[in-house]
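Listing of query03.pdb; format and content: PDB, C-alpha atoms.
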ATOM      1  CA  ARG A 448      38.248-124.310  20.221
ATOM      2  CA  ARG A 449      42.000-123.787  19.592
ATOM      3  CA  LEU A 450      42.854-126.001  22.561
ATOM      4  CA  ARG A 451      41.003-128.935  21.010
ATOM      5  CA  PRO A 452      41.085-128.870  17.234
ATOM      6  CA  GLU A 453      37.782-129.932  15.680
ATOM      7  CA  VAL A 454      39.703-131.744  12.969
ATOM      8  CA  ILE A 455      40.465-134.608  15.382
ATOM      9  CA  ASP A 456      36.796-135.149  16.190
ATOM     10  CA  THR A 457      35.729-134.694  12.585
ATOM     11  CA  LEU A 458      38.406-136.678  10.748
ATOM     12  CA  GLY A 459      39.932-138.927  13.405
ATOM     13  CA  LEU A 460      43.594-139.059  14.382
ATOM     14  CA  ARG A 461      45.033-140.513  11.166
ATOM     15  CA  ASP A 462      43.321-138.049   8.833
ATOM     16  CA  ALA A 463      43.895-135.099  11.202
ATOM     17  CA  VAL A 464      47.625-135.861  11.272
ATOM     18  CA  ASP A 465      47.610-136.359   7.497
ATOM     19  CA  GLU A 466      46.023-132.927   7.089
ATOM     20  CA  MET A 467      48.601-131.365   9.434
ATOM     21  CA  VAL A 468      51.532-132.975   7.599
ATOM     22  CA  ARG A 469      50.158-131.792   4.237
ATOM     23  CA  GLN A 470      49.843-128.248   5.617
ATOM     24  CA  TYR A 471      53.457-128.290   6.825
ATOM     25  CA  ASP A 472      54.520-129.625   3.431
ATOM     26  CA  THR A 473      52.675-126.818   1.634
ATOM     27  CA  LEU A 474      53.671-123.986   3.972
ATOM     28  CA  HIS A 475      57.357-124.953   4.272
ATOM     29  CA  PRO A 476      58.564-125.912   0.787
ATOM     30  CA  GLN A 477      62.202-126.060   1.902
ATOM     31  CA  CYS A 478      61.376-129.373   3.631
ATOM     32  CA  ARG A 479      59.341-132.328   2.347
ATOM     33  CA  PHE A 480      56.976-133.683   5.004
ATOM     34  CA  ALA A 481      55.409-137.134   4.758
ATOM     35  CA  LEU A 482      53.230-139.438   6.865
ATOM     36  CA  GLU A 483      53.236-143.221   7.178
ATOM     37  CA  ALA A 484      50.323-144.518   9.260
ATOM     38  CA  THR A 485      49.536-148.145  10.030
ATOM     39  CA  GLY A 486      46.803-149.554  12.201
ATOM     40  CA  ASP A 487      43.288-148.693  13.230
ATOM     41  CA  PHE A 488      43.167-145.541  15.347
ATOM     42  CA  SER A 489      39.383-145.236  15.442
ATOM     43  CA  GLY A 490      39.083-146.707  18.941
ATOM     44  CA  LEU A 491      41.375-144.188  20.628
ATOM     45  CA  SER A 492      39.865-141.832  23.146
ATOM     46  CA  GLY A 493      39.718-138.160  22.283
ATOM     47  CA  GLU A 494      42.186-137.466  25.084
ATOM     48  CA  LEU A 495      44.869-139.793  23.723
ATOM     49  CA  ALA A 496      44.253-138.671  20.132
ATOM     50  CA  LEU A 497      44.659-135.036  21.206
ATOM     51  CA  THR A 498      47.882-135.850  23.060
ATOM     52  CA  ALA A 499      49.287-137.625  19.992
ATOM     53  CA  TYR A 500      48.211-134.779  17.701
ATOM     54  CA  ARG A 501      49.829-132.107  19.893
ATOM     55  CA  LEU A 502      53.069-134.118  20.206
ATOM     56  CA  ILE A 503      53.343-134.428  16.438
ATOM     57  CA  GLN A 504      52.493-130.756  16.015
ATOM     58  CA  GLU A 505      55.290-129.727  18.391
ATOM     59  CA  ALA A 506      57.789-132.080  16.770
ATOM     60  CA  LEU A 507      57.032-130.681  13.303
ATOM     61  CA  SER A 508      57.217-127.135  14.619
ATOM     62  CA  ASN A 509      60.695-127.932  15.958
ATOM     63  CA  VAL A 510      61.712-129.340  12.569
ATOM     64  CA  VAL A 511      60.711-126.074  10.892
ATOM     65  CA  LYS A 512      62.199-123.775  13.535
ATOM     66  CA  HIS A 513      65.470-125.488  14.340
ATOM     67  CA  SER A 514      66.537-128.338  12.071
ATOM     68  CA  ALA A 515      67.179-126.883   8.599
ATOM     69  CA  ALA A 516      65.982-130.293   7.362
ATOM     70  CA  THR A 517      64.988-131.055   3.792
ATOM     71  CA  VAL A 518      63.013-134.204   4.672
ATOM     72  CA  SER A 519      60.850-135.078   7.676
ATOM     73  CA  LEU A 520      58.817-138.245   8.162
ATOM     74  CA  VAL A 521      56.036-138.867  10.682
ATOM     75  CA  ARG A 522      55.253-142.503  11.448
ATOM     76  CA  LEU A 523      52.087-143.261  13.360
ATOM     77  CA  ALA A 524      51.467-146.888  14.250
ATOM     78  CA  MET A 525      49.308-148.983  16.503
ATOM     79  CA  SER A 526      51.083-151.989  17.998
ATOM     80  CA  GLU A 527      49.773-155.358  16.833
ATOM     81  CA  ASP A 528      48.204-156.019  20.223
ATOM     82  CA  GLU A 529      46.719-152.492  20.160
ATOM     83  CA  GLU A 530      48.275-151.713  23.528
ATOM     84  CA  VAL A 531      50.720-149.010  22.381
ATOM     85  CA  LEU A 532      50.468-146.037  20.049
ATOM     86  CA  ARG A 533      53.865-145.326  18.488
ATOM     87  CA  ILE A 534      54.832-141.954  17.084
ATOM     88  CA  ASP A 535      58.149-141.422  15.337
ATOM     89  CA  VAL A 536      59.184-138.103  13.842
ATOM     90  CA  THR A 537      62.510-138.039  12.022
ATOM     91  CA  ASP A 538      64.361-135.448   9.999
ATOM     92  CA  ASN A 539      67.641-135.160   8.133
ATOM     93  CA  GLY A 540      68.465-131.774   9.643
ATOM     94  CA  LYS A 541      71.479-130.453  11.464
ATOM     95  CA  GLY A 542      70.602-132.170  14.744
ATOM     96  CA  PHE A 543      71.916-130.880  18.032
ATOM     97  CA  ASP A 544      74.049-131.920  20.951
ATOM     98  CA  PRO A 545      71.560-132.794  23.696
ATOM     99  CA  HIS A 546      74.292-132.377  26.331
ATOM    100  CA  THR A 547      75.054-128.778  25.425
ATOM    101  CA  THR A 548      71.737-127.601  24.050
ATOM    102  CA  GLU A 549      69.297-126.254  26.585
ATOM    103  CA  SER A 550      65.918-127.946  26.399
ATOM    104  CA  GLY A 551      63.421-125.486  25.034
ATOM    105  CA  ILE A 552      59.853-125.093  26.090
ATOM    106  CA  GLY A 553      58.751-127.307  23.182
ATOM    107  CA  LEU A 554      60.793-130.319  24.294
ATOM    108  CA  ILE A 555      59.855-129.769  27.927
ATOM    109  CA  GLY A 556      56.178-129.652  26.949
ATOM    110  CA  MET A 557      56.555-132.841  24.911
ATOM    111  CA  ARG A 558      58.182-134.641  27.842
ATOM    112  CA  GLU A 559      55.391-133.480  30.150
ATOM    113  CA  ARG A 560      52.652-134.638  27.745
ATOM    114  CA  VAL A 561      54.273-138.035  27.306
ATOM    115  CA  HIS A 562      54.838-138.429  31.051
ATOM    116  CA  GLY A 563      51.244-137.386  31.769
ATOM    117  CA  ALA A 564      50.037-140.140  29.434
ATOM    118  CA  GLY A 565      52.295-142.727  31.092
ATOM    119  CA  GLY A 566      54.409-143.048  27.963
ATOM    120  CA  ARG A 567      58.036-142.990  26.914
ATOM    121  CA  LEU A 568      59.929-140.438  24.860
ATOM    122  CA  GLU A 569      63.351-140.957  23.327
ATOM    123  CA  ILE A 570      65.295-138.375  21.354
ATOM    124  CA  ASN A 571      68.197-139.500  19.198
ATOM    125  CA  THR A 572      70.237-136.722  17.670
ATOM    126  CA  GLY A 573      73.714-135.453  17.223
ATOM    127  CA  ASP A 574      75.465-132.512  15.692
ATOM    128  CA  LYS A 575      74.809-132.680  11.902
ATOM    129  CA  ALA A 576      73.099-136.072  12.363
ATOM    130  CA  GLY A 577      69.401-135.275  12.080
ATOM    131  CA  THR A 578      66.917-135.961  14.831
ATOM    132  CA  SER A 579      64.609-138.849  15.631
ATOM    133  CA  ILE A 580      61.871-138.567  18.237
ATOM    134  CA  ALA A 581      60.301-141.865  19.292
ATOM    135  CA  ILE A 582      57.206-141.826  21.495
ATOM    136  CA  GLN A 583      55.257-144.739  22.912
ATOM    137  CA  LEU A 584      51.884-144.051  24.493
ATOM    138  CA  PRO A 585      50.096-146.872  26.310
ATOM    139  CA  ILE A 586      46.482-147.452  25.371
ATOM    140  CA  GLY A 587      44.756-148.453  28.559
ATOM    141  CA  GLU A 588      41.089-149.351  28.725
ATOM    142  CA  ASP A 589      40.345-145.814  29.916
ATOM    143  CA  LEU A 590      41.919-144.430  26.719
ATOM    144  CA  ARG A 591      39.627-146.326  24.356
ATOM    145  CA  GLU A 592      36.258-145.050  23.309
TER
END
File written out as structure tokens:
Amino acid sequence: RRLRPEVIDTLGLRDAVDEMVRQYDTLHPQCRFALEATGDFSGLSGELALTAYRLIQEALSNVVKHSAATVSLVRLAMSEDEEVLRIDVTDNGKGFDPHTTESGIGLIGMRERVHGAGGRLEINTGDKAGTSIAIQLPIGEDLRE
């Protein structure tokens, strides 16, 4: 049950992510968490929705654990042609130097999830510059319900 949260099946991706963001906002008052979602996510397969959910969960966990941010924004968007699911997680935290910082298990896991879904992951950060994680996941015919 913990491997596949029921909230995704019950609420759908948008509302499940909204619930997660609200929980982070409540549990971590030192940082304001917000969600912007655009598009219709109802046609996504459970597999792709779970992948997106877990990627956002890991990104927000990293914000709490490492960033010292006061603001974090999750953007979830379906491309106009409904071929790509975009996930952007940004924060105004301390950032890090990706050339000197060892990739932790969280970032490695995120890269593996994105790669397994045939997507792209880009991390933009710098020392004291905040962090932006941009993910694009293709929505093939096998990833629609």
Long-range neighbours of Leu502 (chain A) as a PyMOL selection string, 10 Å cut-off, all atoms listed in the file, 2 positions minimum in chain: chain A and resi 496-500+504-508+534+536+553-554+556-558+560-561+582
Output file for the residues above (C-alpha atoms, as a compact mmCIF listing (two decimals), keeping the file's coordinate frame):
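As a result, selection.txt now contains:
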# COMPACT_ATOMS: atom_id res chain seq x y z
CA ALA A 496 44.25 -138.67 20.13
CA LEU A 497 44.66 -135.04 21.21
CA THR A 498 47.88 -135.85 23.06
CA ALA A 499 49.29 -137.62 19.99
CA TYR A 500 48.21 -134.78 17.70
CA GLN A 504 52.49 -130.76 16.02
CA GLU A 505 55.29 -129.73 18.39
CA ALA A 506 57.79 -132.08 16.77
CA LEU A 507 57.03 -130.68 13.30
CA SER A 508 57.22 -127.14 14.62
CA ILE A 534 54.83 -141.95 17.08
CA VAL A 536 59.18 -138.10 13.84
CA GLY A 553 58.75 -127.31 23.18
CA LEU A 554 60.79 -130.32 24.29
CA GLY A 556 56.18 -129.65 26.95
CA MET A 557 56.56 -132.84 24.91
CA ARG A 558 58.18 -134.64 27.84
CA ARG A 560 52.65 -134.64 27.74
CA VAL A 561 54.27 -138.04 27.31
CA ILE A 582 57.21 -141.83 21.50
Picked residues, the PyMOL selection byres ((chain A and resi 542) around 10), as a PyMOL selection string: chain A and resi 510+513-516+538-541+543-545+571-579
Within 12 Å of Ser489 (chain A) using only C-alpha atoms, minus same-chain residues under 5 positions, as a ChimeraX atom specification: /A:455-463,495-496,525,529,590-592
Asp528 (chain A) surroundings by all atoms listed in the file, 12 Å radius, close-in-sequence under 3 positions cut, as number ranges by chain: A: 486-487, 524-525, 531-532, 585-587
Computed interatomic separation between CA of Glu494 (chain A) and CA of Ala564 (chain A) (Å): 9.4 Å
Counting only C-alpha atoms, the residue of A:Glu559, A:Gln470, A:Ile580, A:Cys478 that sits nearest Val521 (chain A): A:Ile580
Between CA of Gly493 (chain A) and CA of Arg469 (chain A) - distance in Å to one decimal: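 Pair CA of Arg469 (chain A) / CA of Gly493 (chain A) returns 21.8 Å.
Proximity to His475 (chain A) was assessed for A:Ile503, A:Val518, A:Ile555, A:Arg533 counting all atoms listed in the file; the smallest distance is recorded for A:Val518.
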Pairwise distance for CA of Ala481 (chain A) and CA of Ile570 (chain A), rounded to one decimal in Å: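 Pair CA of Ala481 (chain A) / CA of Ile570 (chain A) returns 19.4 Å.
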Residues within 6 Å of Phe480 (chain A), only C-alpha atoms, excluding chain neighbours under 3 positions, as a list in words: Asp472, Ser519 and Leu520 of chain A
